[in-house]
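Asks: Questions regarding the structure given below will be posed in turn.
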Amino acid sequence: MLIPILILDIALVAWSLHLMQQAFDSREFSLMLAGTLVALAAAAMMVVYFLVHNCLAYFAQIPS
C-alpha cells in the first residue's frame, strides 16, 4: 500500500514544483500559493499514512 501512496505523493510534489515555476515566471502570487498548498497536502498525506499505519499496527498487537 505504501508504493501507490509514494507514487501519488511524488506526482503531487512534481505538480507543486510545476505550479511554483509558473508562478515565478509569470510573477503570480496565487500560483505560488497553490503550489505551496499542494506541497503541504503531499506532506500531510505522508504524515497521516504513517500515523494510521502505526496506530493499526498497535491495535493489531493488542490481544482481544
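Letters A, B, ... mark the chains of the C-alpha cells in the order given; residue numbers begin at 1 per chain; ligand numbers begin at 1, in order shown.
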Which residues come within 10 Å of region 29-38 of chain A, counting only C-alpha atoms, excluding same-chain residues fewer than 3 positions away, as a list in words?

Replies: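 In the requested format, the answer is Asp9, Leu12, Val13, Ala14, Trp15, Ser16, Leu17, His18, Leu19, Met20, Gln21, Gln22, Ala23, Phe24, Ser26, Ala41, Ala42, Ala43 and Ala44 of chain A.
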
Asks: If I take CA of His53 (chain A) and CA of Leu6 (chain A), how far is one from the other in Å, to one decimal?

Replies: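 Atom-to-atom, CA of His53 (chain A) to CA of Leu6 (chain A), that is 14.2 Å.
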
Asks: Could you tell me how far CA of Tyr49 (chain A) sits from CA of Pro4 (chain A), in Å to one decimal place?

Replies: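 The value is 11.6 Å.
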
Asks: I need the residue nearest Ile5 (chain A) from this list: A:Leu51, A:Ala60, A:Leu40, A:Met46. Use only C-alpha atoms for the distance.

Replies: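 Using only C-alpha atoms, the shortest distance to Ile5 (chain A) belongs to A:Met46.
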
Asks: How far is it from CA of Val48 (chain A) to CA of Gln61 (chain A), in Å with one decimal?

Replies: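 About the pair CA of Val48 (chain A) and CA of Gln61 (chain A): they are 20.1 Å apart.
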